[in-house]
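Notes for the one structure printed next.
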Amino acid sequence: MKLLIVDNDRYLVEMLTNWLKTLGYDVHRAYTGERAKQEWEELQPDLVILDTVLKDMDAMAMCREMQAKHDALVLVMTDGKDVQDEIHCLESGADDYLRKPFFPTQLLARIHAVSRRGRSTLALRP
């Protein structure tokens with residue numbers, strides 16, 4: 001499974017990238033919205049793990065735009081504590097939502113759950 005991790009926090013991205021690669025995932029990363037758009041278009045990942053706070057653009061607007069071009073599952077991770085933030089993300093196209101801080105195994109469980117749902121949805125398409 002090809003993953004794209006997008007977050008301004010380089011330490012978090014590097015840690016998750018290295019860990020997920022040891023589990024056999026094909027992991028790519030971006031630290032800015034602009035780079036994320038480029039990677040999303042070029043790689044066409046199966047799953048994008050996206051922080052909602054990007055310094056150079058509105059992450060959820062980018063998510064809607066990119067999903068219209070290249071369908072991918074989206075797992076949002078954020079520092080947001082407000083329920084309205086979660087609702088906004090899910091209504092903007094995110095397939096799941098994970099609040100920071102989280103344990104890596106929580107992220108892995110979400111990846112598994114979202115990818116199962118994605119496969120079953122794809123199987124139903126004519």
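The chains in the structure tokens are called A, B, ... from first to last as shown; in each chain the residues are counted from 1, and the ligands are counted from 1 in the order shown.
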
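Around A:Ala109, within 12 Å and counting only C-alpha atoms, the residues found are Leu75, Asp96, Leu98, Phe102, Phe103, Pro104, Val114, Ser115 and Arg116 of chain A, once anything fewer than 5 positions away on its own chain is removed.
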
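Those residues that approach A:Trp40 to within 9 Å, counting only C-alpha atoms, are Leu4, Arg35, Ala36, Gln44, Pro45, Val48, Met66, His70 and Ala72 of chain A; same-chain residues fewer than 4 positions away are not listed.
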
Put those residues in a file: all heavy atoms, as a PDB file, in the first residue's frame.
ATOM      1  N   LEU A   4       1.052   8.490   1.678  1.00  0.00           N
ATOM      2  CA  LEU A   4       1.647   9.826   1.652  1.00  0.00           C
ATOM      3  C   LEU A   4       1.336  10.475   2.990  1.00  0.00           C
ATOM      4  O   LEU A   4       0.172  10.623   3.355  1.00  0.00           O
ATOM      5  CB  LEU A   4       1.069  10.663   0.510  1.00  0.00           C
ATOM      6  CG  LEU A   4       1.495  12.137   0.462  1.00  0.00           C
ATOM      7  CD1 LEU A   4       3.010  12.276   0.317  1.00  0.00           C
ATOM      8  CD2 LEU A   4       0.768  12.863  -0.662  1.00  0.00           C
ATOM      9  N   ARG A  35       3.965  20.855  -1.781  1.00  0.00           N
ATOM     10  CA  ARG A  35       4.684  19.601  -2.054  1.00  0.00           C
ATOM     11  C   ARG A  35       3.724  18.413  -1.985  1.00  0.00           C
ATOM     12  O   ARG A  35       3.831  17.461  -2.779  1.00  0.00           O
ATOM     13  CB  ARG A  35       5.839  19.422  -1.054  1.00  0.00           C
ATOM     14  CG  ARG A  35       6.666  18.205  -1.320  1.00  0.00           C
ATOM     15  CD  ARG A  35       7.431  18.345  -2.609  1.00  0.00           C
ATOM     16  NE  ARG A  35       8.084  17.078  -2.910  1.00  0.00           N
ATOM     17  CZ  ARG A  35       8.400  16.674  -4.117  1.00  0.00           C
ATOM     18  NH1 ARG A  35       8.188  17.439  -5.147  1.00  0.00           N
ATOM     19  NH2 ARG A  35       8.966  15.517  -4.298  1.00  0.00           N
ATOM     20  N   ALA A  36       2.763  18.466  -1.076  1.00  0.00           N
ATOM     21  CA  ALA A  36       1.779  17.390  -0.956  1.00  0.00           C
ATOM     22  C   ALA A  36       0.969  17.253  -2.236  1.00  0.00           C
ATOM     23  O   ALA A  36       0.716  16.134  -2.702  1.00  0.00           O
ATOM     24  CB  ALA A  36       0.859  17.651   0.234  1.00  0.00           C
ATOM     25  N   GLN A  44      -0.059   9.186  -6.836  1.00  0.00           N
ATOM     26  CA  GLN A  44      -1.420   8.666  -6.705  1.00  0.00           C
ATOM     27  C   GLN A  44      -1.479   7.613  -5.598  1.00  0.00           C
ATOM     28  O   GLN A  44      -1.733   6.426  -5.842  1.00  0.00           O
ATOM     29  CB  GLN A  44      -1.912   8.123  -8.043  1.00  0.00           C
ATOM     30  CG  GLN A  44      -1.993   9.225  -9.082  1.00  0.00           C
ATOM     31  CD  GLN A  44      -2.639   8.772 -10.376  1.00  0.00           C
ATOM     32  OE1 GLN A  44      -3.318   7.764 -10.434  1.00  0.00           O
ATOM     33  NE2 GLN A  44      -2.431   9.559 -11.414  1.00  0.00           N
ATOM     34  N   PRO A  45      -1.238   8.055  -4.347  1.00  0.00           N
ATOM     35  CA  PRO A  45      -1.198   7.125  -3.221  1.00  0.00           C
ATOM     36  C   PRO A  45      -2.563   6.502  -2.939  1.00  0.00           C
ATOM     37  O   PRO A  45      -3.602   7.038  -3.316  1.00  0.00           O
ATOM     38  CB  PRO A  45      -0.757   8.021  -2.057  1.00  0.00           C
ATOM     39  CG  PRO A  45      -1.229   9.379  -2.442  1.00  0.00           C
ATOM     40  CD  PRO A  45      -1.082   9.449  -3.938  1.00  0.00           C
ATOM     41  N   VAL A  48      -3.721   8.947   2.028  1.00  0.00           N
ATOM     42  CA  VAL A  48      -3.009  10.164   2.420  1.00  0.00           C
ATOM     43  C   VAL A  48      -3.301  10.400   3.896  1.00  0.00           C
ATOM     44  O   VAL A  48      -4.462  10.438   4.310  1.00  0.00           O
ATOM     45  CB  VAL A  48      -3.470  11.382   1.592  1.00  0.00           C
ATOM     46  CG1 VAL A  48      -2.758  12.652   2.055  1.00  0.00           C
ATOM     47  CG2 VAL A  48      -3.226  11.136   0.110  1.00  0.00           C
ATOM     48  N   MET A  66      -7.799  17.622  -4.511  1.00  0.00           N
ATOM     49  CA  MET A  66      -7.006  16.482  -4.948  1.00  0.00           C
ATOM     50  C   MET A  66      -7.849  15.215  -5.061  1.00  0.00           C
ATOM     51  O   MET A  66      -7.629  14.409  -5.955  1.00  0.00           O
ATOM     52  CB  MET A  66      -5.821  16.264  -4.005  1.00  0.00           C
ATOM     53  CG  MET A  66      -4.810  17.402  -4.033  1.00  0.00           C
ATOM     54  SD  MET A  66      -4.238  17.818  -5.699  1.00  0.00           S
ATOM     55  CE  MET A  66      -3.475  16.297  -6.190  1.00  0.00           C
ATOM     56  N   HIS A  70      -7.636  12.772  -8.156  1.00  0.00           N
ATOM     57  CA  HIS A  70      -7.042  11.458  -7.901  1.00  0.00           C
ATOM     58  C   HIS A  70      -7.639  10.905  -6.622  1.00  0.00           C
ATOM     59  O   HIS A  70      -7.291  11.337  -5.536  1.00  0.00           O
ATOM     60  CB  HIS A  70      -5.520  11.560  -7.735  1.00  0.00           C
ATOM     61  CG  HIS A  70      -4.834  12.199  -8.887  1.00  0.00           C
ATOM     62  ND1 HIS A  70      -4.651  11.557 -10.089  1.00  0.00           N
ATOM     63  CD2 HIS A  70      -4.300  13.431  -9.035  1.00  0.00           C
ATOM     64  CE1 HIS A  70      -4.016  12.371 -10.918  1.00  0.00           C
ATOM     65  NE2 HIS A  70      -3.804  13.513 -10.301  1.00  0.00           N
ATOM     66  N   ALA A  72      -8.257   9.010  -3.441  1.00  0.00           N
ATOM     67  CA  ALA A  72      -7.420   8.364  -2.444  1.00  0.00           C
ATOM     68  C   ALA A  72      -8.160   8.430  -1.121  1.00  0.00           C
ATOM     69  O   ALA A  72      -8.952   9.346  -0.882  1.00  0.00           O
ATOM     70  CB  ALA A  72      -6.068   9.067  -2.317  1.00  0.00           C
TER      71      ALA A  72
END

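Near A:Tyr11, within 12 Å and counting only C-alpha atoms, sit Val6, Leu16, Thr17, Asn18, Arg29 and Tyr31 of chain A; same-chain residues fewer than 5 positions away were not included.
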
(request) Would you please give, as number ranges by chain, all residues of chain A that DSSP assigns to strand (DSSP E or B) based on the backbone? (result) A: 2-6, 26-30, 47-51, 53, 58, 73-78, 96-99

Selection file, C-alpha atoms, as a PDB file, in the first residue's frame:
ATOM      1  CA  LYS A   2       1.334   3.412  -1.002  1.00  0.00           C
ATOM      2  CA  LEU A   3       1.046   6.075   1.725  1.00  0.00           C
ATOM      3  CA  LEU A   4       1.647   9.826   1.652  1.00  0.00           C
ATOM      4  CA  ILE A   5       2.208  11.510   5.023  1.00  0.00           C
ATOM      5  CA  VAL A   6       1.701  15.285   5.065  1.00  0.00           C
ATOM      6  CA  ASP A  26       5.615   2.262   0.577  1.00  0.00           C
ATOM      7  CA  VAL A  27       5.778   5.611   2.382  1.00  0.00           C
ATOM      8  CA  HIS A  28       6.283   9.068   0.900  1.00  0.00           C
ATOM      9  CA  ARG A  29       6.224  12.392   2.715  1.00  0.00           C
ATOM     10  CA  ALA A  30       5.580  16.082   2.290  1.00  0.00           C
ATOM     11  CA  LEU A  47      -3.939   6.615   1.457  1.00  0.00           C
ATOM     12  CA  VAL A  48      -3.009  10.164   2.420  1.00  0.00           C
ATOM     13  CA  ILE A  49      -2.344  10.857   6.103  1.00  0.00           C
ATOM     14  CA  LEU A  50      -2.914  14.589   6.342  1.00  0.00           C
ATOM     15  CA  ASP A  51      -2.463  17.129   9.124  1.00  0.00           C
ATOM     16  CA  VAL A  53      -2.672  22.635   9.768  1.00  0.00           C
ATOM     17  CA  ASP A  58      -5.928  25.164   3.629  1.00  0.00           C
ATOM     18  CA  LEU A  73      -8.432   7.512   1.067  1.00  0.00           C
ATOM     19  CA  VAL A  74      -7.692  10.342   3.511  1.00  0.00           C
ATOM     20  CA  LEU A  75      -6.915   9.968   7.199  1.00  0.00           C
ATOM     21  CA  VAL A  76      -6.740  13.326   8.948  1.00  0.00           C
ATOM     22  CA  MET A  77      -4.549  13.773  12.007  1.00  0.00           C
ATOM     23  CA  THR A  78      -4.767  16.978  13.982  1.00  0.00           C
ATOM     24  CA  ASP A  96     -11.247   9.081   9.223  1.00  0.00           C
ATOM     25  CA  TYR A  97      -9.969  11.429  11.905  1.00  0.00           C
ATOM     26  CA  LEU A  98      -7.238  10.908  14.516  1.00  0.00           C
ATOM     27  CA  ARG A  99      -6.401  13.381  17.278  1.00  0.00           C
TER      28      ARG A  99
END

(message) Just want the 9 Å neighbourhood of A:Gly93, counted on only C-alpha atoms, with same-chain residues fewer than 5 positions away dropped. Output as a count of residues only.
(response) 7
